[in-house]
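Enquirer: My structure is stored as protein-v3.cif, with mmCIF, C-alpha atoms (C1' of nucleotides).
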data_model
loop_
_atom_site.label_atom_id
_atom_site.label_comp_id
_atom_site.auth_asym_id
_atom_site.auth_seq_id
_atom_site.Cartn_x
_atom_site.Cartn_y
_atom_site.Cartn_z
CA MET A 752 0.00 0.00 0.00
CA HIS A 753 2.90 2.35 0.68
CA THR A 754 5.50 1.91 -1.99
CA LEU A 755 3.09 0.73 -4.65
CA HIS A 756 2.30 3.38 -7.23
CA ASN A 757 4.67 5.86 -5.65
CA PRO A 758 6.92 7.37 -8.33
CA VAL A 759 9.73 8.19 -5.88
CA ALA A 760 9.74 4.63 -4.57
CA GLN A 761 9.64 3.19 -8.08
CA GLN A 762 12.58 5.31 -9.13
CA PHE A 763 14.56 4.37 -6.05
CA ILE A 764 14.00 0.65 -6.66
CA GLU A 765 15.14 1.12 -10.23
CA GLN A 766 18.25 3.00 -9.16
CA MET A 767 19.11 0.37 -6.58
CA GLY A 768 19.05 -2.11 -9.43
CA HIS A 769 21.51 0.01 -11.35
CA ILE A 770 23.82 0.31 -8.35
CA THR A 771 24.04 -3.42 -7.76
CA GLN A 772 24.46 -3.94 -11.47
CA ALA A 773 27.46 -1.61 -11.42
CA ASP A 774 28.90 -3.74 -8.60
CA GLY A 775 28.60 -6.92 -10.63
CA LEU A 776 25.43 -8.19 -9.00
CA PRO A 777 22.13 -8.91 -10.79
CA ARG A 778 19.79 -6.01 -11.26
CA ILE A 779 16.90 -7.81 -9.61
CA ALA A 780 18.91 -8.34 -6.43
CA GLY A 781 19.22 -4.58 -6.06
CA GLN A 782 15.54 -4.10 -6.76
CA ILE A 783 14.60 -6.59 -4.06
CA LEU A 784 16.93 -4.76 -1.71
CA GLY A 785 15.38 -1.42 -2.59
CA LEU A 786 11.89 -2.75 -2.06
CA LEU A 787 12.75 -4.22 1.33
CA LEU A 788 14.44 -0.95 2.25
CA LEU A 789 11.21 0.95 1.71
CA GLU A 790 8.58 -1.49 2.92
CA SER A 791 7.69 -1.43 6.59
CA GLU A 792 6.51 -5.04 6.86
CA PRO A 793 8.21 -8.23 5.66
CA LEU A 794 7.27 -9.16 2.12
CA SER A 795 6.24 -12.59 0.93
CA PHE A 796 7.91 -14.46 -1.89
CA ALA A 797 4.89 -13.98 -4.13
CA GLN A 798 4.67 -10.27 -3.37
CA LEU A 799 8.26 -9.77 -4.43
CA ALA A 800 7.54 -11.36 -7.79
CA ILE A 801 4.37 -9.32 -8.30
CA ARG A 802 5.67 -5.94 -7.15
CA LEU A 803 8.82 -6.18 -9.25
CA LYS A 804 7.05 -7.91 -12.15
CA VAL A 805 9.70 -10.63 -12.39
CA SER A 806 9.51 -14.40 -12.55
CA ARG A 807 9.48 -16.59 -9.44
CA GLY A 808 12.71 -18.14 -10.60
CA SER A 809 14.48 -14.81 -10.43
CA VAL A 810 13.03 -14.17 -6.99
CA SER A 811 14.29 -17.55 -5.83
CA THR A 812 17.86 -17.14 -7.08
CA ASN A 813 18.23 -13.53 -6.00
CA THR A 814 16.73 -13.92 -2.55
CA ARG A 815 19.11 -16.79 -1.95
CA LEU A 816 21.97 -14.63 -3.21
CA LEU A 817 21.04 -11.82 -0.82
CA GLU A 818 20.68 -14.37 1.96
CA SER A 819 24.18 -15.70 1.28
CA LEU A 820 25.48 -12.14 1.43
CA GLY A 821 23.80 -11.72 4.80
CA VAL A 822 21.79 -8.63 3.93
CA VAL A 823 18.39 -10.35 3.76
CA THR A 824 16.82 -12.89 6.12
CA ARG A 825 14.07 -15.30 5.28
CA SER A 826 11.22 -16.04 7.69
CA THR A 827 9.19 -19.21 7.31
CA PRO A 828 6.29 -19.00 9.76
CA PRO A 829 5.14 -22.47 10.90
CA ASN A 830 1.43 -21.89 10.61
CA GLN A 831 1.39 -19.56 7.67
CA ARG A 832 2.34 -20.69 4.21
CA GLY A 833 5.01 -19.03 2.19
CA ASP A 834 8.36 -17.43 3.02
CA PHE A 835 8.79 -13.83 4.05
CA PHE A 836 11.80 -11.59 3.60
CA ARG A 837 13.17 -8.58 5.40
CA LEU A 838 16.47 -6.81 5.86
CA SER A 839 18.90 -8.50 8.25
CA GLU A 840 19.84 -7.12 11.64
CA ALA A 841 23.15 -5.50 10.78
CA PRO A 842 23.10 -5.85 7.01
CA TYR A 843 26.00 -3.63 6.10
CA SER A 844 28.48 -5.01 8.58
CA LYS A 845 27.67 -8.49 7.29
CA LEU A 846 28.26 -7.26 3.76
CA LEU A 847 31.66 -5.93 4.78
CA THR A 848 32.49 -9.21 6.49
CA GLY A 849 32.01 -11.04 3.21
CA ILE A 850 34.25 -8.54 1.43
CA THR A 851 37.02 -8.98 3.96
CA GLU A 852 36.85 -12.75 3.61
CA ARG A 853 37.37 -12.51 -0.13
CA MET A 854 40.23 -10.10 0.40
CA GLU A 855 41.89 -12.47 2.85
CA THR A 856 42.30 -15.02 0.08
CA SER A 857 43.85 -12.42 -2.22
CA LYS A 858 46.23 -11.42 0.54
CA ALA A 859 47.17 -15.06 1.02
CA VAL A 860 48.07 -15.30 -2.66
CA VAL A 861 50.56 -12.44 -2.60
CA GLU A 862 52.10 -13.64 0.65
CA ALA A 863 52.48 -17.16 -0.66
CA THR A 864 54.21 -16.03 -3.84
CA ARG A 865 56.44 -13.65 -1.92
CA ALA A 866 57.52 -16.53 0.30
CA THR A 867 58.42 -18.79 -2.62
CA LEU A 868 59.86 -16.16 -4.93
CA PRO A 869 63.65 -16.22 -5.58
CA GLN A 870 65.39 -13.77 -3.29
CA GLU A 871 67.39 -12.14 -6.08
CA MET A 872 64.19 -10.50 -7.34
CA THR A 873 64.50 -7.67 -4.85
CA ALA A 874 62.23 -5.24 -6.65
CA ALA A 875 59.43 -7.76 -6.86
CA HIS A 876 59.82 -8.59 -3.18
CA ALA A 877 59.53 -4.94 -2.23
CA ARG A 878 56.47 -4.41 -4.37
CA LEU A 879 54.71 -7.51 -3.07
CA ALA A 880 55.51 -6.37 0.44
CA GLU A 881 53.86 -3.03 -0.31
CA LEU A 882 50.82 -4.82 -1.68
CA GLY A 883 50.63 -7.03 1.39
CA HIS A 884 50.91 -3.93 3.53
CA PHE A 885 47.98 -2.44 1.67
CA TYR A 886 45.89 -5.54 2.26
CA ARG A 887 46.73 -5.49 5.95
CA CYS A 888 45.79 -1.83 6.33
CA TYR A 889 42.59 -2.26 4.36
CA LEU A 890 41.55 -5.26 6.42
CA ASP A 891 42.31 -3.48 9.68
CA SER A 892 40.35 -0.44 8.59
CA THR A 893 37.37 -2.48 7.49
CA ARG A 894 37.31 -4.59 10.61
CA THR A 895 37.22 -1.57 12.89
CA LEU A 896 34.48 -0.15 10.69
CA ILE A 897 32.49 -3.36 11.15
CA GLN A 898 32.77 -3.09 14.92
CA GLN A 899 31.82 0.56 14.76
CA LEU A 900 28.67 -0.30 12.80
CA GLU A 901 27.70 -3.15 15.12
CA HIS A 902 28.21 -1.14 18.31
CA PRO A 903 27.15 2.38 17.31
CA ARG A 904 27.56 5.30 19.62
CA PRO A 905 23.92 6.31 20.22
CA GLU A 906 24.24 9.93 19.14
CA ALA A 907 25.85 8.86 15.87
CA THR A 908 22.48 8.18 14.24
CA ASP A 909 21.80 11.45 12.47
CA GLU A 910 18.15 12.06 11.71
CA ARG A 911 18.20 15.50 10.14
CA SER A 912 16.50 15.54 6.73
CA LYS A 913 19.31 17.37 4.94
CA MET B 619 64.95 -12.43 -17.91
CA HIS B 620 63.61 -12.59 -14.38
CA THR B 621 59.96 -13.49 -14.49
CA LEU B 622 60.14 -15.31 -17.79
CA HIS B 623 60.05 -19.09 -17.44
CA ASN B 624 59.69 -18.87 -13.68
CA PRO B 625 56.84 -21.14 -12.57
CA VAL B 626 56.13 -19.14 -9.41
CA ALA B 627 55.88 -15.93 -11.39
CA GLN B 628 53.70 -17.53 -14.04
CA GLN B 629 51.33 -18.84 -11.40
CA PHE B 630 51.17 -15.47 -9.66
CA ILE B 631 50.31 -13.69 -12.91
CA GLU B 632 47.59 -16.22 -13.54
CA GLN B 633 46.16 -15.81 -10.05
CA MET B 634 46.18 -12.03 -10.35
CA GLY B 635 44.04 -12.51 -13.44
CA HIS B 636 41.60 -14.56 -11.43
CA ILE B 637 41.46 -11.96 -8.67
CA THR B 638 40.64 -9.07 -10.98
CA GLN B 639 38.14 -11.27 -12.77
CA ALA B 640 36.36 -11.89 -9.45
CA ASP B 641 36.20 -8.11 -8.97
CA GLY B 642 34.53 -7.61 -12.34
CA LEU B 643 37.64 -6.51 -14.21
CA PRO B 644 39.07 -8.26 -17.29
CA ARG B 645 41.43 -11.11 -16.66
CA ILE B 646 44.17 -9.56 -18.78
CA ALA B 647 44.15 -6.40 -16.68
CA GLY B 648 45.09 -8.45 -13.65
CA GLN B 649 47.77 -10.30 -15.58
CA ILE B 650 49.34 -7.02 -16.67
CA LEU B 651 49.23 -5.86 -13.07
CA GLY B 652 50.87 -9.05 -11.88
CA LEU B 653 53.59 -8.79 -14.47
CA LEU B 654 54.35 -5.18 -13.57
CA LEU B 655 54.34 -6.16 -9.90
CA LEU B 656 57.13 -8.64 -10.50
CA GLU B 657 59.27 -6.94 -13.13
CA SER B 658 61.98 -4.59 -11.94
CA GLU B 659 62.15 -2.42 -15.05
CA PRO B 660 59.28 -0.76 -16.97
CA LEU B 661 57.91 -2.98 -19.71
CA SER B 662 57.19 -1.93 -23.26
CA PHE B 663 53.85 -2.29 -24.96
CA ALA B 664 55.16 -5.04 -27.22
CA GLN B 665 56.72 -6.94 -24.32
CA LEU B 666 53.39 -7.01 -22.51
CA ALA B 667 51.73 -8.59 -25.53
CA ILE B 668 54.51 -11.16 -25.97
CA ARG B 669 54.97 -12.13 -22.34
CA LEU B 670 51.25 -12.61 -21.74
CA LYS B 671 50.63 -14.06 -25.23
CA VAL B 672 47.68 -11.76 -25.90
CA SER B 673 46.76 -9.50 -28.78
CA ARG B 674 47.93 -5.90 -29.01
CA GLY B 675 44.30 -4.81 -28.91
CA SER B 676 43.84 -6.36 -25.49
CA VAL B 677 47.03 -4.71 -24.29
CA SER B 678 45.79 -1.36 -25.53
CA THR B 679 42.38 -1.51 -23.90
CA ASN B 680 43.59 -2.96 -20.60
CA THR B 681 46.56 -0.65 -20.17
CA ARG B 682 44.24 2.29 -20.71
CA LEU B 683 41.84 0.80 -18.18
CA LEU B 684 44.59 0.45 -15.60
CA GLU B 685 45.72 3.97 -16.40
CA SER B 686 42.21 5.31 -15.80
CA LEU B 687 42.16 3.50 -12.47
CA GLY B 688 45.45 5.19 -11.59
CA VAL B 689 47.39 2.03 -10.80
CA VAL B 690 49.58 2.05 -13.92
CA THR B 691 51.44 4.93 -15.53
CA ARG B 692 52.57 5.12 -19.13
CA SER B 693 55.96 6.54 -20.12
CA THR B 694 56.54 7.73 -23.66
CA PRO B 695 60.24 8.56 -23.97
CA PRO B 696 60.84 11.30 -26.59
CA ASN B 697 63.87 9.73 -28.23
CA GLN B 698 62.94 6.10 -27.85
CA ARG B 699 60.04 4.59 -29.72
CA GLY B 700 57.21 2.82 -28.01
CA ASP B 701 55.38 3.28 -24.71
CA PHE B 702 56.53 1.83 -21.42
CA PHE B 703 54.44 0.89 -18.41
CA ARG B 704 55.11 0.66 -14.69
CA LEU B 705 53.16 0.77 -11.45
CA SER B 706 52.06 4.23 -10.34
CA GLU B 707 53.46 6.07 -7.33
CA ALA B 708 50.75 5.32 -4.79
CA PRO B 709 48.70 2.82 -6.74
CA TYR B 710 46.45 1.54 -4.00
CA SER B 711 45.40 4.88 -2.59
CA LYS B 712 44.44 5.96 -6.11
CA LEU B 713 42.41 2.79 -6.47
CA LEU B 714 40.56 3.58 -3.24
CA THR B 715 39.92 7.12 -4.42
CA GLY B 716 38.09 5.81 -7.44
CA ILE B 717 36.00 3.52 -5.25
CA THR B 718 34.99 6.37 -2.97
CA GLU B 719 33.91 8.46 -5.94
CA ARG B 720 31.57 5.74 -7.14
CA MET B 721 30.20 5.34 -3.66
CA GLU B 722 29.51 9.06 -3.39
CA THR B 723 27.03 8.80 -6.23
CA SER B 724 25.26 5.88 -4.54
CA LYS B 725 25.09 7.86 -1.32
CA ALA B 726 23.60 10.77 -3.22
CA VAL B 727 20.85 8.51 -4.54
CA VAL B 728 19.66 7.38 -1.12
CA GLU B 729 19.84 10.90 0.30
CA ALA B 730 17.86 12.31 -2.61
CA THR B 731 15.10 9.72 -2.27
CA ARG B 732 14.97 10.18 1.48
CA ALA B 733 14.51 13.90 0.99
CA THR B 734 11.62 13.48 -1.46
CA LEU B 735 9.96 10.51 0.21
CA PRO B 736 6.57 11.07 1.92
CA GLN B 737 7.03 11.60 5.63
CA GLU B 738 4.43 9.06 6.64
CA MET B 739 6.76 6.27 5.54
CA THR B 740 8.60 6.34 8.82
CA ALA B 741 10.13 2.88 8.56
CA ALA B 742 11.56 3.61 5.14
CA HIS B 743 12.98 6.92 6.39
CA ALA B 744 14.72 5.19 9.27
CA ARG B 745 16.19 2.50 7.05
CA LEU B 746 17.42 4.97 4.45
CA ALA B 747 18.96 7.00 7.24
CA GLU B 748 20.78 3.89 8.42
CA LEU B 749 22.01 3.24 4.88
CA GLY B 750 23.19 6.84 4.56
CA HIS B 751 24.96 6.48 7.88
CA PHE B 752 26.72 3.40 6.56
CA TYR B 753 27.87 5.27 3.47
CA ARG B 754 29.17 8.12 5.60
CA CYS B 755 31.12 5.82 7.91
CA TYR B 756 32.52 3.82 5.01
CA LEU B 757 33.64 6.95 3.19
CA ASP B 758 35.24 8.37 6.34
CA SER B 759 37.05 5.12 7.00
CA THR B 760 38.32 4.84 3.45
CA ARG B 761 39.45 8.44 3.29
CA THR B 762 41.55 8.12 6.43
CA LEU B 763 42.97 4.91 5.02
CA ILE B 764 43.96 6.75 1.87
CA GLN B 765 45.80 9.39 3.88
CA GLN B 766 47.45 6.68 5.94
CA LEU B 767 48.72 4.98 2.78
CA GLU B 768 49.97 8.21 1.24
CA HIS B 769 51.77 9.40 4.39
CA PRO B 770 53.05 6.17 5.91
CA ARG B 771 54.72 6.11 9.26
CA PRO B 772 58.27 4.95 8.38
CA GLU B 773 58.37 1.92 10.68
CA ALA B 774 55.06 0.73 9.31
CA THR B 775 56.70 -0.96 6.31
CA ASP B 776 57.20 -4.47 7.55
CA GLU B 777 59.84 -6.42 5.64
CA ARG B 778 59.94 -9.72 7.48
CA SER B 779 59.45 -12.65 5.13
CA LYS B 780 56.69 -14.34 7.12
"C1'" DC C 916 -6.28 -38.88 -1.39
"C1'" DA C 917 -6.50 -35.17 -4.36
"C1'" DT C 918 -5.77 -30.50 -5.01
"C1'" DA C 919 -3.61 -26.13 -4.79
"C1'" DC C 920 0.20 -23.68 -3.69
"C1'" DT C 921 4.88 -23.42 -2.12
"C1'" DG C 922 10.02 -22.65 -3.62
"C1'" DT C 923 13.68 -24.79 -6.46
"C1'" DT C 924 15.73 -26.28 -10.71
"C1'" DC C 925 16.61 -26.46 -15.58
"C1'" DA C 926 16.52 -25.70 -20.69
"C1'" DG C 927 16.23 -21.86 -23.72
"C1'" DC C 928 16.64 -17.08 -25.21
"C1'" DG C 929 18.72 -12.59 -25.43
"C1'" DT C 930 22.30 -9.63 -24.10
"C1'" DT C 931 26.60 -8.38 -22.59
"C1'" DG C 932 31.46 -8.35 -22.64
"C1'" DA C 933 36.21 -10.24 -23.23
"C1'" DC C 934 39.23 -11.30 -26.67
"C1'" DT C 935 41.22 -11.69 -31.41
"C1'" DA C 936 42.61 -10.27 -35.89
"C1'" DA C 937 42.71 -6.95 -39.31
"C1'" DA C 938 42.34 -2.32 -40.86
"C1'" DC C 939 43.67 2.15 -39.53
"C1'" DA C 940 46.29 6.57 -38.55
"C1'" DC C 941 50.56 8.14 -36.88
"C1'" DC C 942 55.60 8.78 -36.48
"C1'" DC C 943 60.44 8.21 -37.13
"C1'" DC C 944 64.17 6.92 -39.97
"C1'" DA C 945 66.30 5.45 -44.42
"C1'" DT D 397 58.72 9.49 -50.04
"C1'" DG D 398 58.31 5.13 -48.81
"C1'" DG D 399 58.63 1.44 -45.27
"C1'" DG D 400 58.71 -0.76 -40.86
"C1'" DG D 401 57.62 0.27 -36.52
"C1'" DT D 402 54.13 2.37 -33.04
"C1'" DG D 403 49.24 2.28 -30.49
"C1'" DT D 404 44.24 2.63 -31.42
"C1'" DT D 405 40.00 1.25 -33.33
"C1'" DT D 406 36.69 -1.79 -35.49
"C1'" DA D 407 34.11 -5.98 -36.87
"C1'" DG D 408 33.45 -10.47 -35.53
"C1'" DT D 409 33.53 -14.69 -32.56
"C1'" DC D 410 32.84 -16.95 -28.52
"C1'" DA D 411 31.62 -17.84 -23.69
"C1'" DA D 412 29.19 -16.27 -19.59
"C1'" DC D 413 25.28 -14.53 -17.38
"C1'" DG D 414 20.65 -12.63 -16.30
"C1'" DC D 415 16.14 -13.72 -16.92
"C1'" DT D 416 12.03 -16.33 -18.23
"C1'" DG D 417 8.77 -20.04 -18.27
"C1'" DA D 418 7.82 -24.62 -17.43
"C1'" DA D 419 8.67 -28.87 -15.14
"C1'" DC D 420 9.63 -30.50 -10.63
"C1'" DA D 421 9.35 -32.13 -5.59
"C1'" DG D 422 7.47 -30.96 -1.19
"C1'" DT D 423 3.74 -29.59 1.98
"C1'" DA D 424 -0.41 -28.17 3.88
"C1'" DT D 425 -5.35 -27.96 3.14
"C1'" DG D 426 -9.87 -29.40 1.21
#
Could you show the structure in this file as structure tokens?

Expert:
Amino acid sequence: MHTLHNPVAQQFIEQMGHITQADGLPRIAGQILGLLLLESEPLSFAQLAIRLKVSRGSVSTNTRLLESLGVVTRSTPPNQRGDFFRLSEAPYSKLLTGITERMETSKAVVEATRATLPQEMTAAHARLAELGHFYRCYLDSTRTLIQQLEHPRPEATDERSK
Amino acid sequence: MHTLHNPVAQQFIEQMGHITQADGLPRIAGQILGLLLLESEPLSFAQLAIRLKVSRGSVSTNTRLLESLGVVTRSTPPNQRGDFFRLSEAPYSKLLTGITERMETSKAVVEATRATLPQEMTAAHARLAELGHFYRCYLDSTRTLIQQLEHPRPEATDERSK
DNA sequence: CATACTGTTCAGCGTTGACTAAACACCCCA
DNA sequence: TGGGGTGTTTAGTCAACGCTGAACAGTATG
């Protein structure tokens, strides 16, 4: 009743699709995210398909993708039929956690090659060390950010409308 | 003479291709990056094509991509013929700068919709505010990281080989 | 037990994008 | 003024992916 037929909401959902598309994720995943961002109550599987005018197959794959990323949680009420979806508790910190995990593997690659690389390649060693240093700093920075998001200082939530 | 015919180097170049591919960038871009990471001297355009066994067209497009990202710089010596490529000065901080710029536009989207959204959608307002807060924190964190990388404390460069 | 509805899976289509090879414009040197 | 080099651009091929629609198994309800 709220977001339906609201041009601002429609545009936002569309733009969220573009944003996720620019990040290499399916467009529909972003649209689901945008819809759940706006809607006050959890949405059912069928409602997602209807509101976004996409197939149930797309809803299935993309909801499971968003679940695996940790930004969306699925509720399956025992008595009621059908699954319901809403944003997770701390969606953005979970997103960052996934990013750091992927970066850990990249970091492991450069450290492994640096360990097995011939020592006479001094320039390569220095450059790989710099890259490893970057990974370490980035991971440290992101991890503190995650903690900051999970344990927010109460006055940090700014509510002013511009 | 160094990286050529070295199995460790070959494997690293291949893995760098996989890493960039996972981030949505072409595989060859990562291979060029890996090669420049290992080589002590700047490499010519032709050498890149030969060493990676790819077409000159791919070298052209991907070197320009890496240039636009700020991680690779092109040298065109006046007397000598041909372009040469090497890693940029502070490659990783420039990379982060590009990321923050893209994120600024996403942040602008959520702030714009929040400003024009009907006020009775209180839940949506709160969630968009939380998302904007996330963007703000992420941008702050990344910006301080950029400064940290550009002005490193001297003892921060760790050289121990594991 | 049958029926209706759930969410998942899979073949098919359309599109996108990486990559190649060839044509191209440019420059330096003979 | 050619001729062999440069890097860029273009058409074309191929694989990967998003998305659909239908077939599928599972479950609760009549």

Enquirer: Work out where the centre of an axis-aligned box around every listed atom of stretch 921-926 of chain C lies and how long its edges are once 3 Å is added on each side; give both in Å to one decimal as AutoDock Vina command-line options.

Expert:
--center_x 10.7 --center_y -24.6 --center_z -11.4 --size_x 17.7 --size_y 9.8 --size_z 24.6

Enquirer: Which one of C:DA926, C:DC939, C:DC934, C:DC944 sits closest to B:Pro644 if you count only C-alpha atoms (C1' of nucleotides)?

Expert: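 Looking at the shortest contact to B:Pro644, the residue is C:DC934.
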
Enquirer: Could you work out which residues of chain B fall inside 9 Å of chain C? Count only C-alpha atoms (C1' of nucleotides), and format the result as an MDAnalysis selection string.

Expert: chainID B and resid 644:645 672:673 675:676 699

Enquirer: Would you give me, as a PyMOL selection string, the residues of chain B that come within 10 Å of chain D, using only C-alpha atoms (C1' of nucleotides)?

Expert: chain B and resi 663-664+674-675+677-679+699-701

Enquirer: Figure out the distance between atom CA of B:Glu748 and atom CA of A:Gln899, please, to one decimal in Å.

Expert: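 For atom CA of A:Gln899 relative to atom CA of B:Glu748, the distance reads 13.2 Å.
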
Enquirer: Restrict the distance test to only C-alpha atoms, flag each residue of chain A within 7 Å of chain B, and return the flagged residues as a list in words.

Expert: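 Only these qualify: Val759, Phe763, Ile770, Gly775, Leu788, Leu789, Glu790, Ser791, Ser857, Thr864, Ala866, Leu868, Ala874, Ala875, Arg878, Leu879, Ala880, Ser892, Leu896, Glu910 and Ser912 of chain A.
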
Enquirer: Please, what distance in Å, to one decimal, runs between atom CA of A:Leu803 and atom CA of A:Gln782?

Expert: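 The value is 7.5 Å.
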
Enquirer: Take atom CA of B:Leu713 and atom CA of B:Gly635 and report the distance between them in Å, one decimal.

Expert: 16.9 Å
